[in-house]
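work_7.cif follows (mmCIF, C-alpha atoms):
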```cif
data_protein
#
loop_
_atom_site.group_PDB
_atom_site.id
_atom_site.type_symbol
_atom_site.label_atom_id
_atom_site.label_comp_id
_atom_site.auth_asym_id
_atom_site.auth_seq_id
_atom_site.Cartn_x
_atom_site.Cartn_y
_atom_site.Cartn_z
ATOM 1 C CA MET A 1 0.000 0.000 0.000
ATOM 2 C CA ILE A 2 2.883 2.348 0.811
ATOM 3 C CA ALA A 3 4.548 1.513 -2.507
ATOM 4 C CA CYS A 4 1.333 2.194 -4.413
ATOM 5 C CA GLY A 5 0.867 5.495 -2.583
ATOM 6 C CA ALA A 6 4.473 6.539 -3.296
ATOM 7 C CA ALA A 7 4.169 5.577 -6.980
ATOM 8 C CA GLY A 8 0.913 7.546 -7.223
ATOM 9 C CA GLY A 9 2.565 10.568 -5.595
ATOM 10 C CA VAL A 10 5.480 10.441 -8.042
ATOM 11 C CA ALA A 11 3.080 10.133 -10.992
ATOM 12 C CA ALA A 12 0.998 13.074 -9.747
ATOM 13 C CA ALA A 13 4.109 15.239 -9.295
ATOM 14 C CA ALA A 14 5.389 14.380 -12.782
ATOM 15 C CA THR A 15 2.013 15.090 -14.356
ATOM 16 C CA GLY A 16 1.640 18.341 -12.402
ATOM 17 C CA GLY A 17 5.128 19.495 -13.427
ATOM 18 C CA ALA A 18 4.441 18.760 -17.093
ATOM 19 C CA PHE A 19 1.107 20.582 -16.829
ATOM 20 C CA LEU A 20 2.718 23.691 -15.319
ATOM 21 C CA THR A 21 5.457 23.679 -17.965
ATOM 22 C CA SER A 22 2.829 23.546 -20.704
ATOM 23 C CA MET A 23 1.264 26.742 -19.299
ATOM 24 C CA ALA A 24 4.383 28.809 -20.128
ATOM 25 C CA PRO A 25 4.311 30.615 -23.489
ATOM 26 C CA SER A 26 5.967 28.666 -26.295
ATOM 27 C CA GLU A 27 8.875 30.065 -28.299
ATOM 28 C CA ARG A 28 6.400 30.649 -31.113
ATOM 29 C CA ALA A 29 4.107 32.648 -28.814
ATOM 30 C CA LYS A 30 7.049 34.694 -27.538
ATOM 31 C CA ALA A 31 8.066 35.512 -31.115
ATOM 32 C CA ALA A 32 4.487 36.550 -31.864
ATOM 33 C CA GLY A 33 4.550 39.111 -29.107
ATOM 34 C CA ALA A 34 4.212 37.448 -25.741
ATOM 35 C CA PRO A 35 5.799 39.572 -22.998
ATOM 36 C CA VAL A 36 9.418 38.836 -22.133
ATOM 37 C CA GLU A 37 10.683 39.064 -18.556
ATOM 38 C CA LEU A 38 14.277 40.165 -17.956
ATOM 39 C CA ASP A 39 16.357 40.064 -14.781
ATOM 40 C CA ILE A 40 18.313 43.333 -14.562
ATOM 41 C CA SER A 41 19.717 42.766 -11.067
ATOM 42 C CA GLY A 42 23.347 42.281 -12.114
ATOM 43 C CA MET A 43 23.556 45.148 -14.604
ATOM 44 C CA GLN A 44 26.239 47.736 -13.956
ATOM 45 C CA PRO A 45 26.419 51.201 -15.576
ATOM 46 C CA GLY A 46 27.536 50.752 -19.172
ATOM 47 C CA ASP A 47 26.094 47.214 -19.443
ATOM 48 C CA MET A 48 23.649 46.272 -22.178
ATOM 49 C CA LYS A 49 21.411 43.203 -22.380
ATOM 50 C CA THR A 50 19.556 42.120 -25.492
ATOM 51 C CA VAL A 51 16.343 40.079 -25.528
ATOM 52 C CA GLU A 52 14.056 39.134 -28.392
ATOM 53 C CA TRP A 53 10.487 40.427 -28.468
ATOM 54 C CA ARG A 54 8.230 40.042 -31.527
ATOM 55 C CA GLY A 55 11.262 38.866 -33.490
ATOM 56 C CA LYS A 56 13.130 42.115 -32.789
ATOM 57 C CA PRO A 57 16.151 42.783 -30.584
ATOM 58 C CA VAL A 58 15.284 44.881 -27.546
ATOM 59 C CA TRP A 59 18.176 46.554 -25.777
ATOM 60 C CA VAL A 60 18.226 47.340 -22.094
ATOM 61 C CA VAL A 61 21.076 49.720 -21.266
ATOM 62 C CA ARG A 62 22.095 50.716 -17.745
ATOM 63 C CA ARG A 63 23.268 54.330 -17.826
ATOM 64 C CA ASP A 64 25.271 56.098 -15.141
ATOM 65 C CA ASP A 65 24.513 59.611 -13.826
ATOM 66 C CA ALA A 66 27.001 61.253 -16.213
ATOM 67 C CA MET A 67 25.334 59.587 -19.227
ATOM 68 C CA VAL A 68 21.875 60.754 -18.133
ATOM 69 C CA GLN A 69 23.040 64.298 -17.327
ATOM 70 C CA ALA A 70 24.682 64.637 -20.760
ATOM 71 C CA LEU A 71 21.449 63.878 -22.662
ATOM 72 C CA PRO A 72 19.838 67.387 -22.572
ATOM 73 C CA LYS A 73 23.112 68.938 -23.782
ATOM 74 C CA LEU A 74 22.722 67.076 -27.090
ATOM 75 C CA ASP A 75 19.246 68.398 -27.962
ATOM 76 C CA SER A 76 20.488 70.950 -30.527
ATOM 77 C CA GLN A 77 22.268 68.171 -32.470
ATOM 78 C CA LEU A 78 19.259 65.850 -32.663
ATOM 79 C CA ALA A 79 16.542 65.506 -35.311
ATOM 80 C CA ASP A 80 13.738 64.855 -32.792
ATOM 81 C CA PRO A 81 15.000 65.566 -29.268
ATOM 82 C CA ASN A 82 11.507 65.518 -27.696
ATOM 83 C CA SER A 83 10.228 62.413 -29.515
ATOM 84 C CA GLU A 84 7.447 64.394 -31.195
ATOM 85 C CA ARG A 85 7.527 62.529 -34.529
ATOM 86 C CA SER A 86 5.146 59.545 -34.492
ATOM 87 C CA PRO A 87 4.956 59.542 -30.694
ATOM 88 C CA ASP A 88 2.148 56.998 -30.479
ATOM 89 C CA ALA A 89 4.036 54.524 -32.685
ATOM 90 C CA LEU A 90 7.549 55.020 -31.314
ATOM 91 C CA THR A 91 7.438 56.365 -27.765
ATOM 92 C CA PRO A 92 4.907 55.525 -25.041
ATOM 93 C CA GLU A 93 3.641 58.435 -22.944
ATOM 94 C CA TYR A 94 5.792 57.438 -19.943
ATOM 95 C CA ALA A 95 8.961 57.645 -22.071
ATOM 96 C CA ARG A 96 8.340 61.103 -23.551
ATOM 97 C CA ASN A 97 10.962 62.763 -21.418
ATOM 98 C CA PRO A 98 14.619 63.756 -21.923
ATOM 99 C CA HIS A 99 15.900 60.281 -21.034
ATOM 100 C CA ARG A 100 13.077 58.420 -22.919
ATOM 101 C CA SER A 101 12.528 55.944 -20.122
ATOM 102 C CA ILE A 102 10.592 55.161 -16.966
ATOM 103 C CA LYS A 103 13.740 55.104 -14.833
ATOM 104 C CA PRO A 104 16.490 57.481 -15.962
ATOM 105 C CA GLU A 105 19.223 54.897 -15.439
ATOM 106 C CA TYR A 106 17.667 52.351 -17.853
ATOM 107 C CA LEU A 107 17.040 52.720 -21.583
ATOM 108 C CA VAL A 108 14.711 50.138 -23.121
ATOM 109 C CA ALA A 109 14.682 50.388 -26.924
ATOM 110 C CA VAL A 110 14.144 48.243 -30.002
ATOM 111 C CA GLY A 111 17.584 47.833 -31.578
ATOM 112 C CA ILE A 112 16.520 48.407 -35.178
ATOM 113 C CA CYS A 113 17.520 51.507 -37.153
ATOM 114 C CA SER A 114 14.539 53.458 -38.474
ATOM 115 C CA HIS A 115 16.269 53.916 -41.850
ATOM 116 C CA LEU A 116 16.420 50.458 -43.425
ATOM 117 C CA GLY A 117 16.023 48.081 -40.497
ATOM 118 C CA CYS A 118 19.700 47.434 -39.764
ATOM 119 C CA SER A 119 20.865 46.811 -36.206
ATOM 120 C CA PRO A 120 23.119 49.576 -34.889
ATOM 121 C CA SER A 121 26.086 48.721 -32.694
ATOM 122 C CA ALA A 122 26.710 50.067 -29.216
ATOM 123 C CA ARG A 123 29.405 52.728 -29.032
ATOM 124 C CA PHE A 124 29.164 53.830 -25.420
ATOM 125 C CA GLU A 125 32.729 55.144 -25.093
ATOM 126 C CA PRO A 126 32.791 58.930 -25.596
ATOM 127 C CA GLY A 127 35.456 60.607 -27.712
ATOM 128 C CA PRO A 128 36.828 60.342 -31.244
ATOM 129 C CA GLN A 129 36.359 56.981 -32.952
ATOM 130 C CA PRO A 130 36.337 55.802 -36.578
ATOM 131 C CA SER A 131 33.157 56.898 -38.413
ATOM 132 C CA LEU A 132 32.045 59.042 -35.443
ATOM 133 C CA PRO A 133 32.457 62.754 -34.695
ATOM 134 C CA ASN A 134 35.318 63.920 -32.475
ATOM 135 C CA ASP A 135 32.830 65.170 -29.848
ATOM 136 C CA TRP A 136 31.005 61.816 -29.656
ATOM 137 C CA GLN A 137 29.242 61.414 -26.288
ATOM 138 C CA GLY A 138 28.400 57.734 -26.594
ATOM 139 C CA GLY A 139 25.399 55.984 -28.082
ATOM 140 C CA PHE A 140 24.679 53.767 -31.066
ATOM 141 C CA PHE A 141 26.117 53.714 -34.590
ATOM 142 C CA CYS A 142 24.489 52.080 -37.606
ATOM 143 C CA PRO A 143 27.369 51.090 -39.899
ATOM 144 C CA CYS A 144 25.121 50.475 -42.924
ATOM 145 C CA HIS A 145 24.501 54.141 -43.733
ATOM 146 C CA GLY A 146 26.054 56.069 -40.847
ATOM 147 C CA SER A 147 23.054 56.929 -38.686
ATOM 148 C CA THR A 148 23.913 57.751 -35.084
ATOM 149 C CA PHE A 149 21.752 57.716 -31.969
ATOM 150 C CA ASP A 150 22.444 59.068 -28.492
ATOM 151 C CA LEU A 151 22.150 57.078 -25.258
ATOM 152 C CA ALA A 152 18.389 57.739 -25.231
ATOM 153 C CA GLY A 153 17.976 56.284 -28.735
ATOM 154 C CA ARG A 154 17.390 59.720 -30.308
ATOM 155 C CA VAL A 155 18.681 60.125 -33.874
ATOM 156 C CA TYR A 156 21.171 62.852 -34.712
ATOM 157 C CA ALA A 157 20.119 65.469 -37.294
ATOM 158 C CA GLY A 158 21.316 65.093 -40.872
ATOM 159 C CA LYS A 159 21.476 61.301 -40.741
ATOM 160 C CA PRO A 160 19.594 58.844 -42.968
ATOM 161 C CA ALA A 161 17.459 57.458 -40.128
ATOM 162 C CA PRO A 162 14.221 59.460 -40.031
ATOM 163 C CA ASP A 163 13.132 58.608 -36.491
ATOM 164 C CA ASN A 164 14.348 57.809 -33.011
ATOM 165 C CA LEU A 165 14.655 54.192 -31.929
ATOM 166 C CA GLU A 166 11.334 52.704 -30.835
ATOM 167 C CA VAL A 167 10.650 52.342 -27.108
ATOM 168 C CA PRO A 168 8.565 49.175 -26.644
ATOM 169 C CA PRO A 169 5.814 48.921 -24.034
ATOM 170 C CA HIS A 170 7.366 47.809 -20.772
ATOM 171 C CA LYS A 171 7.038 48.013 -17.019
ATOM 172 C CA TYR A 172 9.023 47.153 -13.919
ATOM 173 C CA LEU A 173 7.717 44.223 -11.918
ATOM 174 C CA SER A 174 10.257 45.021 -9.189
ATOM 175 C CA ASP A 175 13.614 46.784 -8.869
ATOM 176 C CA THR A 176 15.259 43.768 -10.522
ATOM 177 C CA LYS A 177 12.617 42.514 -12.987
ATOM 178 C CA LEU A 178 11.546 44.158 -16.231
ATOM 179 C CA LEU A 179 8.606 43.014 -18.373
ATOM 180 C CA ILE A 180 8.877 43.938 -22.061
ATOM 181 C CA GLY A 181 5.765 43.872 -24.231
ATOM 182 C CA VAL A 182 3.270 45.021 -21.601
ATOM 183 C CA ASP A 183 2.925 48.280 -19.737
ATOM 184 C CA GLU A 184 0.484 49.691 -17.193
ATOM 185 C CA ASN A 185 -1.913 50.730 -19.983
ATOM 186 C CA ASN A 186 -2.255 47.272 -21.568
ATOM 187 C CA ALA A 187 -1.538 44.985 -18.602
#
```

Would you write out, as structure tokens, the structure that this file holds?
Amino acid sequence: MIACGAAGGVAAAATGGAFLTSMAPSERAKAAGAPVELDISGMQPGDMKTVEWRGKPVWVVRRDDAMVQALPKLDSQLADPNSERSPDALTPEYARNPHRSIKPEYLVAVGICSHLGCSPSARFEPGPQPSLPNDWQGGFFCPCHGSTFDLAGRVYAGKPAPDNLEVPPHKYLSDTKLLIGVDENNA
């Protein structure tokens, strides 16, 4: 009787575990737009993590105070410093601020150039670098056609990219957990 009870308990646990696993979104569902949770607890200033949401790379960048404080100084060099072009499509209401984010220290942006869909590379180190201006303050560089974006994903004026990088819907579940694909308005 004990053996039968133990075998039944093992079978119930195995079935319950398989059932719970089946409740998680599949890879196909995630690619179709299911929210993606990201642990940001170990990120240091200057770190960037990339996750996939709706088949697109989404960057999460941890900025330090100096990076955030430098953002307003770049406004005169940017094509759309206040994210006024296509705001409903590219920038949620909560990210229409100088740092384009909920928390100033974190940028959450889709890593696809608005010109031809290339993926820019991170160039966080300020100063002269190949293909970048001598007064470069750090940001993103699209090597395909030379578009540059600051550390808030705002495009510099006179570049091929017409718009800033998209800020996807997102929200913080806690100080260490970020949910991409859902925000307070569509929770």

- Query: If you count only C-alpha atoms, which residues fall within 8 Å of Gly181 (chain A), apart from same-chain ones fewer than 5 positions away, as a ChimeraX atom specification?
  - Reply: /A:33-36,53,168-170

Of the residues A:Met1, A:Val110, A:Val60, A:Ala12, which is the one nearest to Asp39 (chain A), using only C-alpha atoms?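 Answer, going by the shortest atom-to-atom distance: A:Val60.
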
| Coordinates-based distance that separates CA of Trp59 (chain A) from CA of Lys171 (chain A) (Å, one decimal) |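 Value for the CA of Lys171 (chain A)-CA of Trp59 (chain A) distance: 14.2 Å.
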
Between A:Asn97, A:Thr15, A:Gln69, A:Thr148, smallest distance to Ala161 (chain A) by all atoms listed in the file belongs to A:Thr148

A straight line from CA of Arg85 (chain A) to CA of Asp163 (chain A) spans 7.1 Å

Counting all atoms listed in the file, closest pick from A:Val167, A:Leu178, A:Cys144, A:Ala11 relative to Glu93 (chain A) is A:Val167

field: Nearest residue to Leu179 (chain A) from the set A:Leu74, A:Cys113, A:Cys4, A:Val108 (distances using all atoms listed in the file)
entry: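 The closest residue to Leu179 (chain A) is A:Val108.
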
CA of Pro92 (chain A) to CA of Val58 (chain A) measures 15.1 Å

Where does region 23-101 of chain A meet region 117-138 of chain A within 12 Å, residue by residue, with the nearest atom pair and distance in Å to one decimal for each, counting only C-alpha atoms, listed by chain and rising number, as a Markdown table?
```
| residue | atom | partner | partner_atom | distance |
| --- | --- | --- | --- | --- |
| A:Pro45 | CA | A:Phe124 | CA | 10.6 |
| A:Gly46 | CA | A:Phe124 | CA | 7.2 |
| A:Asp47 | CA | A:Phe124 | CA | 9.4 |
| A:Met48 | CA | A:Ala122 | CA | 8.6 |
| A:Lys49 | CA | A:Ala122 | CA | 11.0 |
| A:Thr50 | CA | A:Ala122 | CA | 11.3 |
| A:Lys56 | CA | A:Ser119 | CA | 9.7 |
| A:Pro57 | CA | A:Ser119 | CA | 8.4 |
| A:Val58 | CA | A:Ser119 | CA | 10.5 |
| A:Trp59 | CA | A:Ala122 | CA | 9.8 |
| A:Val60 | CA | A:Ala122 | CA | 11.4 |
| A:Val61 | CA | A:Ala122 | CA | 9.8 |
| A:Arg62 | CA | A:Phe124 | CA | 10.9 |
| A:Arg63 | CA | A:Phe124 | CA | 9.6 |
| A:Asp64 | CA | A:Phe124 | CA | 11.2 |
| A:Ala66 | CA | A:Gln137 | CA | 10.3 |
| A:Met67 | CA | A:Gly138 | CA | 8.2 |
| A:Val68 | CA | A:Gln137 | CA | 11.0 |
| A:Gln69 | CA | A:Gln137 | CA | 11.3 |
| A:Ala70 | CA | A:Gln137 | CA | 7.9 |
| A:Leu71 | CA | A:Gln137 | CA | 8.9 |
| A:Pro72 | CA | A:Gln137 | CA | 11.7 |
| A:Lys73 | CA | A:Gln137 | CA | 10.0 |
| A:Leu74 | CA | A:Gln137 | CA | 8.7 |
| A:Gln77 | CA | A:Trp136 | CA | 11.2 |
```

query: Which residues, protein or nucleic acid, reach to within 12 Å of (10.4, 56.9, -21.5) in the file's coordinates when using only C-alpha atoms, and can you give that as an NGL selection string?
result: :A and (82-83 or 87 or 90-109 or 152-154 or 165-171 or 183)

For Leu173 (chain A), the closest of A:Glu84, A:Asp75, A:Glu37, A:Glu52 counting only C-alpha atoms is A:Glu37

Using only C-alpha atoms, the shortest atom-to-atom distance to His115 (chain A) among A:Gly139, A:Asp80, A:Asp88, A:Pro162 belongs to A:Pro162

With 6 Å of padding per side, what axis-aligned box (centre and edge lengths, Å, one decimal) covers all the listed atoms of region 69-79 of chain A? Give it as lines of an AutoDock Vina configuration file.
```
center_x = 20.6
center_y = 67.4
center_z = -26.3
size_x = 20.1
size_y = 19.1
size_z = 30.0
```
